[in-house]
Structure formats: C-alpha cells, structure tokens
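Engineer: One file is attached below, start-v3.cif, containing mmCIF, C-alpha atoms and all ligand atoms; chains and numbers go by the auth columns.
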data_structure
loop_
_atom_site.group_PDB
_atom_site.id
_atom_site.type_symbol
_atom_site.label_atom_id
_atom_site.label_comp_id
_atom_site.label_asym_id
_atom_site.label_seq_id
_atom_site.Cartn_x
_atom_site.Cartn_y
_atom_site.Cartn_z
_atom_site.B_iso_or_equiv
_atom_site.auth_seq_id
_atom_site.auth_asym_id
ATOM 1 C CA MET A 1 0.294 150.860 -175.936 0.00 126 B
ATOM 2 C CA LYS A 2 2.818 153.427 -175.113 0.00 127 B
ATOM 3 C CA SER A 3 2.071 155.743 -172.256 0.00 128 B
ATOM 4 C CA SER A 4 1.688 158.692 -174.554 0.00 129 B
ATOM 5 C CA LEU A 5 -1.282 157.056 -176.219 0.00 130 B
ATOM 6 C CA PRO A 6 -4.680 156.398 -174.722 0.00 131 B
ATOM 7 C CA ASN A 7 -4.924 152.883 -173.407 0.00 132 B
ATOM 8 C CA ILE A 8 -6.824 151.334 -176.292 0.00 133 B
ATOM 9 C CA ASP A 9 -7.916 147.809 -175.655 0.00 134 B
ATOM 10 C CA ARG A 10 -7.551 145.207 -178.356 0.00 135 B
ATOM 11 C CA ARG A 11 -11.177 145.070 -179.422 0.00 136 B
ATOM 12 C CA SER A 12 -11.474 148.826 -179.570 0.00 137 B
ATOM 13 C CA PHE A 13 -8.451 148.956 -181.700 0.00 138 B
ATOM 14 C CA LEU A 14 -9.706 146.319 -184.096 0.00 139 B
ATOM 15 C CA ARG A 15 -12.878 148.290 -184.520 0.00 140 B
ATOM 16 C CA ASN A 16 -10.926 151.422 -185.251 0.00 141 B
ATOM 17 C CA ALA A 17 -7.900 150.085 -187.087 0.00 142 B
ATOM 18 C CA SER A 18 -9.328 150.470 -190.541 0.00 143 B
ATOM 19 C CA VAL A 19 -10.212 154.059 -189.753 0.00 144 B
ATOM 20 C CA PHE A 20 -6.655 154.766 -188.685 0.00 145 B
ATOM 21 C CA ALA A 21 -5.345 153.073 -191.790 0.00 146 B
ATOM 22 C CA VAL A 22 -7.366 155.335 -194.015 0.00 147 B
ATOM 23 C CA ALA A 23 -6.860 158.476 -192.029 0.00 148 B
ATOM 24 C CA LEU A 24 -3.134 158.337 -191.473 0.00 149 B
ATOM 25 C CA PRO A 25 -0.752 159.448 -194.165 0.00 150 B
ATOM 26 C CA ALA A 26 1.631 156.708 -195.156 0.00 151 B
ATOM 27 C CA PHE A 27 4.596 158.426 -193.558 0.00 152 B
ATOM 28 C CA GLN A 28 2.950 158.145 -190.185 0.00 153 B
ATOM 29 C CA LEU A 29 2.544 154.385 -190.299 0.00 154 B
ATOM 30 C CA GLY A 30 6.120 153.838 -189.245 0.00 155 B
ATOM 31 C CA THR A 31 5.522 156.080 -186.276 0.00 156 B
ATOM 32 C CA LEU A 32 2.520 154.038 -185.256 0.00 157 B
ATOM 33 C CA GLY A 33 4.721 151.005 -185.323 0.00 158 B
ATOM 34 C CA LEU A 34 6.776 152.580 -182.573 0.00 159 B
ATOM 35 C CA PHE A 35 3.900 152.056 -180.217 0.00 160 B
ATOM 36 C CA GLY A 36 4.159 148.305 -180.634 0.00 161 B
ATOM 37 C CA CYS A 37 1.185 146.600 -179.072 0.00 162 B
ATOM 38 C CA ASN A 38 -1.366 145.494 -181.599 0.00 163 B
ATOM 39 C CA GLN A 39 -2.125 148.760 -183.272 0.00 164 B
ATOM 40 C CA ALA A 40 -0.155 148.435 -186.429 0.00 165 B
ATOM 41 C CA ARG A 41 -1.190 144.962 -187.460 0.00 166 B
ATOM 42 C CA SER A 42 -4.108 146.012 -189.590 0.00 167 B
ATOM 43 C CA LEU A 43 -2.047 148.671 -191.232 0.00 168 B
ATOM 44 C CA SER A 44 0.416 146.328 -192.783 0.00 169 B
ATOM 45 C CA ARG A 45 -0.983 142.891 -193.277 0.00 170 B
ATOM 46 C CA SER A 46 0.853 142.374 -196.498 0.00 171 B
ATOM 47 C CA GLU A 47 4.258 143.223 -195.142 0.00 172 B
ATOM 48 C CA SER A 48 5.324 140.320 -193.009 0.00 173 B
ATOM 49 C CA LYS A 49 9.041 139.880 -193.415 0.00 174 B
ATOM 50 C CA GLU A 50 9.096 136.406 -191.929 0.00 175 B
ATOM 51 C CA GLN A 51 9.788 133.565 -194.286 0.00 176 B
ATOM 52 C CA PRO A 52 7.930 130.376 -193.371 0.00 177 B
ATOM 53 C CA ALA A 53 10.717 128.100 -194.535 0.00 178 B
ATOM 54 C CA ASN A 54 13.487 127.081 -192.167 0.00 179 B
ATOM 55 C CA VAL A 55 11.570 128.017 -189.047 0.00 180 B
ATOM 56 C CA THR A 56 12.578 125.953 -186.062 0.00 181 B
ATOM 57 C CA TRP A 57 10.817 125.072 -182.818 0.00 182 B
ATOM 58 C CA LYS A 58 13.477 126.793 -180.757 0.00 183 B
ATOM 59 C CA THR A 59 14.902 130.223 -181.373 0.00 184 B
ATOM 60 C CA THR A 60 16.751 133.137 -179.841 0.00 185 B
ATOM 61 C CA ILE A 61 15.170 136.520 -180.472 0.00 186 B
ATOM 62 C CA VAL A 62 17.837 138.775 -178.974 0.00 187 B
ATOM 63 C CA SER A 63 21.497 139.198 -179.645 0.00 188 B
ATOM 64 C CA ALA A 64 24.031 138.063 -177.080 0.00 189 B
ATOM 65 C CA GLY A 65 24.637 141.610 -175.926 0.00 190 B
ATOM 66 C CA GLU A 66 21.030 142.590 -175.398 0.00 191 B
ATOM 67 C CA PRO A 67 20.693 144.397 -172.046 0.00 192 B
ATOM 68 C CA GLY A 68 18.281 142.817 -169.634 0.00 193 B
ATOM 69 C CA ASP A 69 17.562 139.725 -167.616 0.00 194 B
ATOM 70 C CA PRO A 70 17.948 136.624 -169.795 0.00 195 B
ATOM 71 C CA LEU A 71 14.734 134.665 -170.109 0.00 196 B
ATOM 72 C CA ILE A 72 13.759 131.397 -171.754 0.00 197 B
ATOM 73 C CA VAL A 73 10.091 130.753 -172.416 0.00 198 B
ATOM 74 C CA SER A 74 8.954 127.313 -173.477 0.00 199 B
ATOM 75 C CA GLY A 75 5.853 125.221 -173.722 0.00 200 B
ATOM 76 C CA THR A 76 3.708 122.855 -175.718 0.00 201 B
ATOM 77 C CA ILE A 77 0.949 123.769 -178.131 0.00 202 B
ATOM 78 C CA TYR A 78 -2.000 121.397 -177.998 0.00 203 B
ATOM 79 C CA ALA A 79 -4.946 120.712 -180.232 0.00 204 B
ATOM 80 C CA PRO A 80 -8.341 122.026 -179.083 0.00 205 B
ATOM 81 C CA ASP A 81 -8.775 118.795 -177.114 0.00 206 B
ATOM 82 C CA GLY A 82 -6.091 120.093 -174.780 0.00 207 B
ATOM 83 C CA ARG A 83 -4.202 116.797 -174.904 0.00 208 B
ATOM 84 C CA THR A 84 -2.780 116.220 -178.371 0.00 209 B
ATOM 85 C CA PRO A 85 0.490 118.047 -179.050 0.00 210 B
ATOM 86 C CA LEU A 86 0.450 119.694 -182.460 0.00 211 B
ATOM 87 C CA GLU A 87 3.416 119.788 -184.787 0.00 212 B
ATOM 88 C CA GLY A 88 3.871 122.611 -187.261 0.00 213 B
ATOM 89 C CA ILE A 89 2.068 125.361 -185.359 0.00 214 B
ATOM 90 C CA SER A 90 3.599 128.779 -185.801 0.00 215 B
ATOM 91 C CA LEU A 91 4.138 131.035 -182.829 0.00 216 B
ATOM 92 C CA PHE A 92 5.200 134.608 -183.452 0.00 217 B
ATOM 93 C CA VAL A 93 6.276 136.755 -180.510 0.00 218 B
ATOM 94 C CA TYR A 94 7.383 140.338 -180.096 0.00 219 B
ATOM 95 C CA GLN A 95 8.153 142.479 -177.108 0.00 220 B
ATOM 96 C CA THR A 96 9.766 145.595 -175.722 0.00 221 B
ATOM 97 C CA ASP A 97 13.339 145.756 -174.590 0.00 222 B
ATOM 98 C CA ALA A 98 14.379 146.053 -170.953 0.00 223 B
ATOM 99 C CA THR A 99 13.438 149.740 -170.948 0.00 224 B
ATOM 100 C CA GLY A 100 9.893 149.148 -172.173 0.00 225 B
ATOM 101 C CA ARG A 101 10.505 150.317 -175.711 0.00 226 B
ATOM 102 C CA TYR A 102 9.799 148.520 -178.958 0.00 227 B
ATOM 103 C CA SER A 103 12.357 150.428 -181.011 0.00 228 B
ATOM 104 C CA THR A 104 10.923 149.444 -184.326 0.00 229 B
ATOM 105 C CA THR A 105 11.798 151.247 -187.492 0.00 230 B
ATOM 106 C CA GLY A 106 9.055 149.844 -189.669 0.00 231 B
ATOM 107 C CA GLY A 107 5.325 150.207 -189.928 0.00 232 B
ATOM 108 C CA ASP A 108 4.583 146.662 -188.895 0.00 233 B
ATOM 109 C CA ASN A 109 4.672 145.628 -185.276 0.00 234 B
ATOM 110 C CA ARG A 110 5.881 142.252 -186.467 0.00 235 B
ATOM 111 C CA ASN A 111 9.096 144.036 -187.172 0.00 236 B
ATOM 112 C CA THR A 112 9.677 145.464 -183.745 0.00 237 B
ATOM 113 C CA ARG A 113 13.303 145.077 -182.911 0.00 238 B
ATOM 114 C CA ILE A 114 12.799 142.084 -180.623 0.00 239 B
ATOM 115 C CA HIS A 115 10.637 139.507 -182.320 0.00 240 B
ATOM 116 C CA GLY A 116 10.780 135.964 -183.561 0.00 241 B
ATOM 117 C CA LEU A 117 8.953 133.089 -185.136 0.00 242 B
ATOM 118 C CA MET A 118 8.895 129.432 -184.138 0.00 243 B
ATOM 119 C CA ARG A 119 7.157 126.337 -185.409 0.00 244 B
ATOM 120 C CA THR A 120 6.369 123.496 -183.043 0.00 245 B
ATOM 121 C CA ASN A 121 8.204 120.207 -183.343 0.00 246 B
ATOM 122 C CA ALA A 122 6.757 116.702 -183.344 0.00 247 B
ATOM 123 C CA GLU A 123 6.125 116.968 -179.610 0.00 248 B
ATOM 124 C CA GLY A 124 4.336 120.266 -180.021 0.00 249 B
ATOM 125 C CA ARG A 125 7.189 122.072 -178.323 0.00 250 B
ATOM 126 C CA TYR A 126 8.351 125.647 -178.740 0.00 251 B
ATOM 127 C CA GLU A 127 11.021 127.668 -177.003 0.00 252 B
ATOM 128 C CA PHE A 128 12.412 131.148 -177.327 0.00 253 B
ATOM 129 C CA ARG A 129 15.295 132.829 -175.610 0.00 254 B
ATOM 130 C CA THR A 130 14.977 136.526 -174.943 0.00 255 B
ATOM 131 C CA ILE A 131 15.285 139.069 -172.146 0.00 256 B
ATOM 132 C CA LYS A 132 12.538 139.951 -169.735 0.00 257 B
ATOM 133 C CA PRO A 133 10.647 142.914 -171.148 0.00 258 B
ATOM 134 C CA ALA A 134 9.688 145.936 -169.063 0.00 259 B
ATOM 135 C CA SER A 135 6.558 148.038 -168.700 0.00 260 B
ATOM 136 C CA TYR A 136 6.241 150.918 -171.098 0.00 261 B
ATOM 137 C CA PRO A 137 8.118 153.928 -169.719 0.00 262 B
ATOM 138 C CA SER A 138 6.204 155.793 -167.000 0.00 263 B
ATOM 139 C CA SER A 139 3.265 153.434 -167.310 0.00 264 B
ATOM 140 C CA ARG A 140 1.502 150.930 -165.113 0.00 265 B
ATOM 141 C CA ILE A 141 0.911 148.555 -167.998 0.00 266 B
ATOM 142 C CA PRO A 142 2.409 145.218 -167.045 0.00 267 B
ATOM 143 C CA ALA A 143 5.434 144.020 -168.944 0.00 268 B
ATOM 144 C CA HIS A 144 4.291 141.646 -171.637 0.00 269 B
ATOM 145 C CA ILE A 145 5.142 139.663 -174.740 0.00 270 B
ATOM 146 C CA HIS A 146 2.669 139.714 -177.612 0.00 271 B
ATOM 147 C CA ALA A 147 2.025 136.512 -179.500 0.00 272 B
ATOM 148 C CA PHE A 148 0.149 135.128 -182.490 0.00 273 B
ATOM 149 C CA VAL A 149 -0.446 131.478 -183.275 0.00 274 B
ATOM 150 C CA SER A 150 -1.455 129.823 -186.522 0.00 275 B
ATOM 151 C CA GLY A 151 -1.165 126.548 -188.368 0.00 276 B
ATOM 152 C CA PRO A 152 -2.810 124.339 -190.951 0.00 277 B
ATOM 153 C CA GLY A 153 -6.531 124.678 -190.328 0.00 278 B
ATOM 154 C CA TYR A 154 -5.933 127.333 -187.701 0.00 279 B
ATOM 155 C CA PRO A 155 -6.063 130.875 -189.045 0.00 280 B
ATOM 156 C CA GLU A 156 -3.824 133.239 -187.166 0.00 281 B
ATOM 157 C CA TYR A 157 -5.073 134.959 -184.033 0.00 282 B
ATOM 158 C CA TRP A 158 -3.680 136.754 -181.037 0.00 283 B
ATOM 159 C CA ILE A 159 -3.383 134.835 -177.864 0.00 284 B
ATOM 160 C CA ASP A 160 -3.325 136.625 -174.537 0.00 285 B
ATOM 161 C CA GLU A 161 -0.046 138.369 -173.925 0.00 286 B
ATOM 162 C CA TYR A 162 2.531 136.660 -171.793 0.00 287 B
ATOM 163 C CA HIS A 163 2.745 138.359 -168.407 0.00 288 B
ATOM 164 C CA PHE A 164 4.813 137.715 -165.319 0.00 289 B
ATOM 165 C CA SER A 165 3.483 136.725 -161.924 0.00 290 B
ATOM 166 C CA ASP A 166 5.905 138.927 -160.024 0.00 291 B
ATOM 167 C CA ASP A 167 4.815 142.037 -161.910 0.00 292 B
ATOM 168 C CA PRO A 168 3.152 144.496 -159.501 0.00 293 B
ATOM 169 C CA PHE A 169 1.012 145.835 -162.348 0.00 294 B
ATOM 170 C CA VAL A 170 -0.656 142.491 -163.005 0.00 295 B
ATOM 171 C CA THR A 171 -4.059 142.861 -161.387 0.00 296 B
ATOM 172 C CA GLY A 172 -6.124 140.322 -159.543 0.00 297 B
ATOM 173 C CA ASP A 173 -8.626 140.408 -162.364 0.00 298 B
ATOM 174 C CA MET A 174 -5.914 139.554 -164.845 0.00 299 B
ATOM 175 C CA ARG A 175 -4.814 136.665 -162.670 0.00 300 B
ATOM 176 C CA ASP A 176 -8.369 135.373 -162.478 0.00 301 B
ATOM 177 C CA LYS A 177 -8.688 135.401 -166.253 0.00 302 B
ATOM 178 C CA ALA A 178 -5.262 134.042 -167.065 0.00 303 B
ATOM 179 C CA GLY A 179 -6.027 130.378 -166.608 0.00 304 B
ATOM 180 C CA LYS A 180 -4.377 127.869 -164.351 0.00 305 B
ATOM 181 C CA GLY A 181 -1.254 125.783 -164.400 0.00 306 B
ATOM 182 C CA ASN A 182 0.884 125.728 -167.495 0.00 307 B
ATOM 183 C CA LEU A 183 -1.968 127.084 -169.611 0.00 308 B
ATOM 184 C CA SER A 184 -1.837 130.346 -167.693 0.00 309 B
ATOM 185 C CA SER A 185 -0.673 133.333 -169.689 0.00 310 B
ATOM 186 C CA ILE A 186 0.969 134.681 -166.529 0.00 311 B
ATOM 187 C CA LEU A 187 4.337 133.058 -166.212 0.00 312 B
ATOM 188 C CA THR A 188 5.864 132.111 -162.908 0.00 313 B
ATOM 189 C CA LEU A 189 9.559 132.507 -163.497 0.00 314 B
ATOM 190 C CA THR A 190 12.305 130.559 -161.834 0.00 315 B
ATOM 191 C CA ARG A 191 15.964 131.370 -162.018 0.00 316 B
ATOM 192 C CA GLY A 192 18.256 128.456 -162.736 0.00 317 B
ATOM 193 C CA ALA A 193 21.760 127.870 -161.477 0.00 318 B
ATOM 194 C CA ASP A 194 22.906 129.387 -164.744 0.00 319 B
ATOM 195 C CA GLY A 195 21.252 132.659 -163.752 0.00 320 B
ATOM 196 C CA ILE A 196 18.662 132.460 -166.507 0.00 321 B
ATOM 197 C CA LEU A 197 14.986 133.030 -165.839 0.00 322 B
ATOM 198 C CA ARG A 198 12.657 130.379 -167.205 0.00 323 B
ATOM 199 C CA GLY A 199 8.937 130.221 -167.618 0.00 324 B
ATOM 200 C CA VAL A 200 6.525 127.736 -169.147 0.00 325 B
ATOM 201 C CA ARG A 201 3.301 128.370 -170.973 0.00 326 B
ATOM 202 C CA ASP A 202 1.350 125.733 -172.798 0.00 327 B
ATOM 203 C CA ILE A 203 -1.215 126.804 -175.358 0.00 328 B
ATOM 204 C CA LYS A 204 -4.436 125.121 -176.398 0.00 329 B
ATOM 205 C CA ILE A 205 -4.995 126.260 -179.934 0.00 330 B
ATOM 206 C CA GLU A 206 -8.451 127.335 -181.096 0.00 331 B
ATOM 207 C CA ARG A 207 -10.081 127.751 -184.432 0.00 332 B
ATOM 208 C CA CYS A 208 -10.028 131.483 -184.566 0.00 333 B
ATOM 209 C CA SER A 209 -13.280 133.093 -183.511 0.00 334 B
ATOM 210 C CA LYS A 210 -11.950 136.287 -181.978 0.00 335 B
ATOM 211 C CA ASN A 211 -8.754 138.273 -182.168 0.00 336 B
ATOM 212 C CA CYS A 212 -8.217 136.940 -185.674 0.00 337 B
ATOM 213 C CA THR A 213 -5.558 138.691 -187.699 0.00 338 B
ATOM 214 C CA GLY A 214 -7.033 137.784 -191.075 0.00 339 B
ATOM 215 C CA ARG A 215 -3.950 135.890 -192.195 0.00 340 B
HETATM 216 FE FE FE B . 2.644 145.929 -176.192 0.00 401 O
#
Rewrite the structure from the file as structure tokens, please.
Ligand SMILES: [Fe+2]
Structural biologist:
Amino acid sequence: MKSSLPNIDRRSFLRNASVFAVALPAFQLGTLGLFGCNQARSLSRSESKEQPANVTWKTTIVSAGEPGDPLIVSGTIYAPDGRTPLEGISLFVYQTDATGRYSTTGGDNRNTRIHGLMRTNAEGRYEFRTIKPASYPSSRIPAHIHAFVSGPGYPEYWIDEYHFSDDPFVTGDMRDKAGKGNLSSILTLTRGADGILRGVRDIKIERCSKNCTGR
C-alpha cells in the first residue's frame, strides 16, 4: 500500500475489494494498480497476461540495467508434508523498484513493472533474479516482494510477502510470525564474492483456505 493510501491489511481489502470494483469507474482501475500491493487483484481476475506455457523454474525479472542492489532469491516448494519437493508449482512474484514504486501502467498488479512467473522443477526448486525492493516512499512499510503460489490440486493463494531481516521496519511481531529457518518469509541475505545478494525461502504449499485468489 502506498503511503498516500490508508494502510489496508489484506483481509480488510478482500472484504472490500468487490465494493471498490463496483464503485470505481473503469478508468480509475489503472490508477489503483499503481498502488501495487494486493488491492487490484480482485479488480482484474480475468486479465492475467502470463502464459502458462514455457515457464521455467529459474527466471530474471529485471533488465540488466535496472537500478538497485542485485538479488537472487531461491528455494524449494514442498508438499503439505513439508518434506516432498513438488514439481510444477507456479510461483508468481511482483515488487517495487529500488525507490519503492511499482510503476505499473495496467489495472492488474500482476502487471507491475517488476514481476515474474516460475514453475518448480523436478526438485521443487525455484529461483528469481531481481533487485532488492525498497519501502514505499516516505513510509515505514518494510520492503517486500508479493507472491502467489498455485499448482495442480492447489488453487492459487497469497503467501506471506518476502521481507528482509536487515530491514528496520520489520517488527518483532513480524519476526515471530515469519517462521523459522528456510521456511521463514523474512530472508537473511548474504552477499557473495560476485557482489550479489542472495536469500533462500522454502515454501510448504497448502490447500488454499485463506488468502485465496479464486484462480
Ligand atoms: Fe506491496
């Protein structure tokens, strides 16, 4: 949520999204998309531009010249048992740029400028190369990367945003709720000899019971 908007939490938004969708003239939907976060999802369910074919487990979601600190995020997606790696699980991510802006031109937050789709390989692996996002301008909202997961038998849902352990806006409460080890949604980044930041997050997929997108 951009600083100019009230800080609407995800559940509140889901409750209100259909109201927004009805109340807003169509020309305003693109403007809503500028605020990134999760707001616009319900406004544009039918407009995903991603094509499921030819999706790979590893991708780069920024161009070579994208300003910011290069970052590679990787991990394994497991079945609900927490042990069995799952092949063919889709992971969609989107984020701000290094100034905290989404810079989308469409009405769908899936089309924010920096976004990408992966599908896990036979080892359940995913990886995306990006730049470290920033907090929204003039806000204390931690920098984050939004993400959805889905797969055969697993309707799409939001997982907790990726956050970063060195972010001063990540609260103790958030750390308590983020999980432990590689399943934590708060990444501990390390910088390699190549200068690139890396973080790992494994995901234990669920059969969607909350934060479902309806896809
Ligand atoms: Fe956001």
Engineer: Could you tell me which of B:Arg323, B:Arg226, B:Lys183, B:Arg300 comes closest to Ala259 (chain B) if we count all atoms listed in the file?
Structural biologist: B:Arg226
Engineer: What's the 7 Å shell around Ser290 (chain B), counting only C-alpha atoms, without same-chain residues fewer than 5 positions away, as a PyMOL selection string?
Structural biologist: chain B and resi 311-313
Engineer: Residues at most 8 Å from Val187 (chain B), counting all atoms listed in the file, excluding those fewer than 4 positions away in the same chain, as a list in words?
Structural biologist: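 Near neighbours after the sequence-gap exclusion: Glu191, Ile239, His240, Arg254, Thr255 and Ile256 of chain B.
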Engineer: Can you pull out the residues contacting Leu322 (chain B)? Cut-off 12 Å, using all atoms listed in the file, and skip same-chain residues under 2 positions away; I want them as a list in words.
Structural biologist: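 Near Leu322 (chain B), the qualifying residues are Gly193, Asp194, Pro195, Leu196, Ile197, Val198, Ser199, Phe253, Arg254, Thr255, Ile256, Lys257, Phe289, Leu312, Thr313, Leu314, Thr315, Arg316, Gly317, Ala318, Asp319, Gly320, Gly324 and Val325 of chain B.
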Engineer: Quick one: of B:Ile321, B:Ala268, B:Val295, B:Cys337, who's nearest to ligand FE 401 (chain O), counting only C-alpha atoms and all ligand atoms?
Structural biologist: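 Of the candidates, the smallest distance to ligand FE 401 (chain O) is held by B:Ala268.
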Engineer: Using only C-alpha atoms and all ligand atoms, which of the listed residues (B:Ile330, B:Leu308, B:Val218, B:Leu242) sits closest to ligand FE 401 (chain O)?
Structural biologist: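 Looking only at the distances to ligand FE 401 (chain O), the closest residue turns out to be B:Val218.
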Engineer: In Å, with one decimal, what is the gap from CA of Pro267 (chain B) to CA of Tyr282 (chain B)?
Structural biologist: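 CA of Tyr282 (chain B) lies 21.2 Å from CA of Pro267 (chain B).
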Engineer: Centre and edge lengths of an axis-aligned box around all listed atoms of region 178-190 of chain B, with 8 Å added on each side, are to be given in Å to one decimal, as JSON.
Structural biologist:
{"center_x": 17.7, "center_y": 133.3, "center_z": -185.2, "size_x": 29.9, "size_y": 32.5, "size_z": 34.6}
Engineer: Check the smallest atom-to-atom distance from each of B:Lys302, B:Ile202, B:Glu281, B:Gly241 to Ser188 (chain B) using all atoms listed in the file, then report the winner.
Structural biologist: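 Using all atoms listed in the file, Ser188 (chain B) sits closest to B:Gly241.
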Engineer: With distances taken over only C-alpha atoms, which residue among B:Asp292, B:Arg326, B:His271, B:Tyr287 lies nearest Asn307 (chain B)?
Structural biologist: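 Counting only C-alpha atoms, the residue closest to Asn307 (chain B) is B:Arg326.
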Engineer: Could you check how far CA of Glu252 (chain B) sits from CA of Gly200 (chain B), in Å to one decimal?
Structural biologist: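 Distance reported for this atom pair: 6.6 Å.
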Engineer: Work out how far CA of Glu248 (chain B) is from CA of Glu212 (chain B), in Å to one decimal.
Structural biologist: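 CA of Glu248 (chain B) lies 6.5 Å from CA of Glu212 (chain B).
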